[in-house]
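Engineer: Would you mind keeping the following structure in view while I ask a few things?
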Amino acid sequence: MKKTLALLIASTALTTAIGVPAWSAMRAPDGTIAQTVAAVLDDAHEALPLIFVSDDDDDEREHRSGARHDDDDDDDHDDCDDDDCKGNARNPAPAGTVAPPQNGLFGNGALPQVQMK
Amino acid sequence: MKSLLATLALTTALTLPGLAMARPVSMTTTLNNYGGDGAYLALYVTDASGAYVGSLWMAGGKSKYYEHLTDWYRATGGDTAQVNGITGASVGAGRTFEITLDLADALFDAGYTLHIDAAVEDMRDSPNEVAIPLTTSGAGTPVNGRRYVAQFAYDM
């Protein structure tokens, strides 16, 4: 009798340990239909990306042809005026805003002074 | 009392060499009336072997034009950190600009040469517009440029 009881307990424990996770995995999660619809709609959005149409061909040709300076009389890349367009390099800090570079040429005294005549 | 004197002597000894190692140097550049836009100018120094040492001034704030200062650009790769804090406006045709810099004494009579590269929009680039040895005896002696610079001189 004790042996039977032990076998029953062991088989129940095994069934519980193996069966419950397997049963849980097979269950469909809630909201499956909603998720499927959303996925289809998202795919549709990705299939139709917005395309930016530019009429800036002249500028592109100018860059490709190696034009060296801005003409400043057309609709060129004016947003490049403050920032360098090449490699995102920044313009240098103006005199007086930071100390001169530590290149061994400057003393530790006065900041540079400039005068235009 | 003795310790006070010793402290004063020590601070004086430490301060005086620092003051003596640099001096204000004014550099005056006059441009020709070349009939164009403002000129970008790079003032920089090379050593006796011709190797780039450092920049003294950049006239012109937009780094996208620095490639036209061809010798300076070749030496620095266009590194704007070289001219941080020593950059001002470009210089108009016929104008004179004067900069006063606190320069190390070691720059003079030691084989260093001051160079000026110049560039003007839609006009020819002019590298090495001026090349002048930095000597105490050369101070106050004006030199002529090749294309855009009419005259350059430094004074100490």
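By convention here, the chains of the structure tokens are called A, B, ... in the order presented, each chain's residues are numbered starting at 1, and ligands are numbered starting at 1 in the order presented.
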Counting only C-alpha atoms, which residues in chain B sit no more than 7 Å from chain A? For each one, give the nearest pair of atoms and the distance in Å, sorted by chain then residue number, as a Markdown table.
Structural biologist:
| residue | atom | partner | partner_atom | distance |
| --- | --- | --- | --- | --- |
| B:Ala22 | CA | A:Gly107 | CA | 5.0 |
| B:Gly54 | CA | A:Asn103 | CA | 5.8 |
| B:Gly61 | CA | A:Asn91 | CA | 6.4 |
| B:Lys62 | CA | A:Asn91 | CA | 5.7 |
| B:Ser63 | CA | A:Asn91 | CA | 5.1 |
| B:Lys64 | CA | A:Asp84 | CA | 5.3 |
| B:Thr80 | CA | A:Pro92 | CA | 5.1 |
| B:Ala81 | CA | A:Pro92 | CA | 6.5 |
| B:Gln82 | CA | A:Pro101 | CA | 6.4 |
| B:Val83 | CA | A:Pro92 | CA | 6.2 |
| B:Asn84 | CA | A:Ala93 | CA | 4.7 |
| B:Gly85 | CA | A:Ala95 | CA | 4.0 |
| B:Ile86 | CA | A:Ala95 | CA | 4.6 |
| B:Thr87 | CA | A:Pro94 | CA | 4.8 |
| B:Gly88 | CA | A:Pro94 | CA | 5.9 |
| B:Arg95 | CA | A:Lys117 | CA | 6.0 |
| B:Thr96 | CA | A:Lys117 | CA | 5.0 |
| B:Phe97 | CA | A:Met116 | CA | 4.3 |
| B:Glu98 | CA | A:Gln115 | CA | 5.1 |
| B:Ile99 | CA | A:Val114 | CA | 4.3 |
| B:Thr100 | CA | A:Gln113 | CA | 5.0 |
| B:Leu101 | CA | A:Pro112 | CA | 4.9 |
| B:Asp102 | CA | A:Gly107 | CA | 5.5 |
| B:Leu103 | CA | A:Phe106 | CA | 4.4 |
| B:Ala104 | CA | A:Gly107 | CA | 5.2 |
| B:Leu107 | CA | A:Leu105 | CA | 6.8 |
| B:Glu121 | CA | A:His69 | CA | 6.3 |
| B:Asp122 | CA | A:His69 | CA | 6.6 |
Engineer: Among the residues of segment 6-104 of chain B, find those DSSP assigns to strand (DSSP E) from the backbone and print them as a PyMOL selection string.
Structural biologist: chain B and resi 22-31+39-46+52-59+87-88+96-104
Engineer: For a test of reading the model, state the distance in Å between atom CA of Thr28 of chain B and atom CA of Glu67 of chain B, rounded to one decimal.
Structural biologist: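 Those two atoms sit 24.0 Å apart.
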Engineer: Mind checking which residues fall within 7 Å of Ser90 of chain B, counting only C-alpha atoms, ignoring those fewer than 3 positions away in the same chain, and posting them as a PDB file with N, CA, C and O atoms, in the first residue's frame?
Structural biologist:
ATOM      1  N   GLY B  38      36.279  89.180 -48.755  1.00  0.00           N
ATOM      2  CA  GLY B  38      37.252  89.145 -47.668  1.00  0.00           C
ATOM      3  C   GLY B  38      38.180  87.945 -47.775  1.00  0.00           C
ATOM      4  O   GLY B  38      37.760  86.853 -48.173  1.00  0.00           O
ATOM      5  N   ALA B  39      39.428  88.169 -47.422  1.00  0.00           N
ATOM      6  CA  ALA B  39      40.428  87.105 -47.541  1.00  0.00           C
ATOM      7  C   ALA B  39      40.497  86.297 -46.259  1.00  0.00           C
ATOM      8  O   ALA B  39      40.389  86.842 -45.163  1.00  0.00           O
ATOM      9  N   TYR B  40      40.645  84.989 -46.417  1.00  0.00           N
ATOM     10  CA  TYR B  40      40.979  84.109 -45.305  1.00  0.00           C
ATOM     11  C   TYR B  40      42.502  84.042 -45.221  1.00  0.00           C
ATOM     12  O   TYR B  40      43.175  83.845 -46.243  1.00  0.00           O
ATOM     13  N   ALA B  59      42.331  84.182 -39.803  1.00  0.00           N
ATOM     14  CA  ALA B  59      41.355  85.217 -40.166  1.00  0.00           C
ATOM     15  C   ALA B  59      40.318  84.560 -41.062  1.00  0.00           C
ATOM     16  O   ALA B  59      40.600  84.248 -42.217  1.00  0.00           O
ATOM     17  N   GLY B  60      39.130  84.349 -40.511  1.00  0.00           N
ATOM     18  CA  GLY B  60      38.070  83.655 -41.245  1.00  0.00           C
ATOM     19  C   GLY B  60      37.537  82.523 -40.390  1.00  0.00           C
ATOM     20  O   GLY B  60      38.309  81.653 -39.987  1.00  0.00           O
TER      21      GLY B  60
END
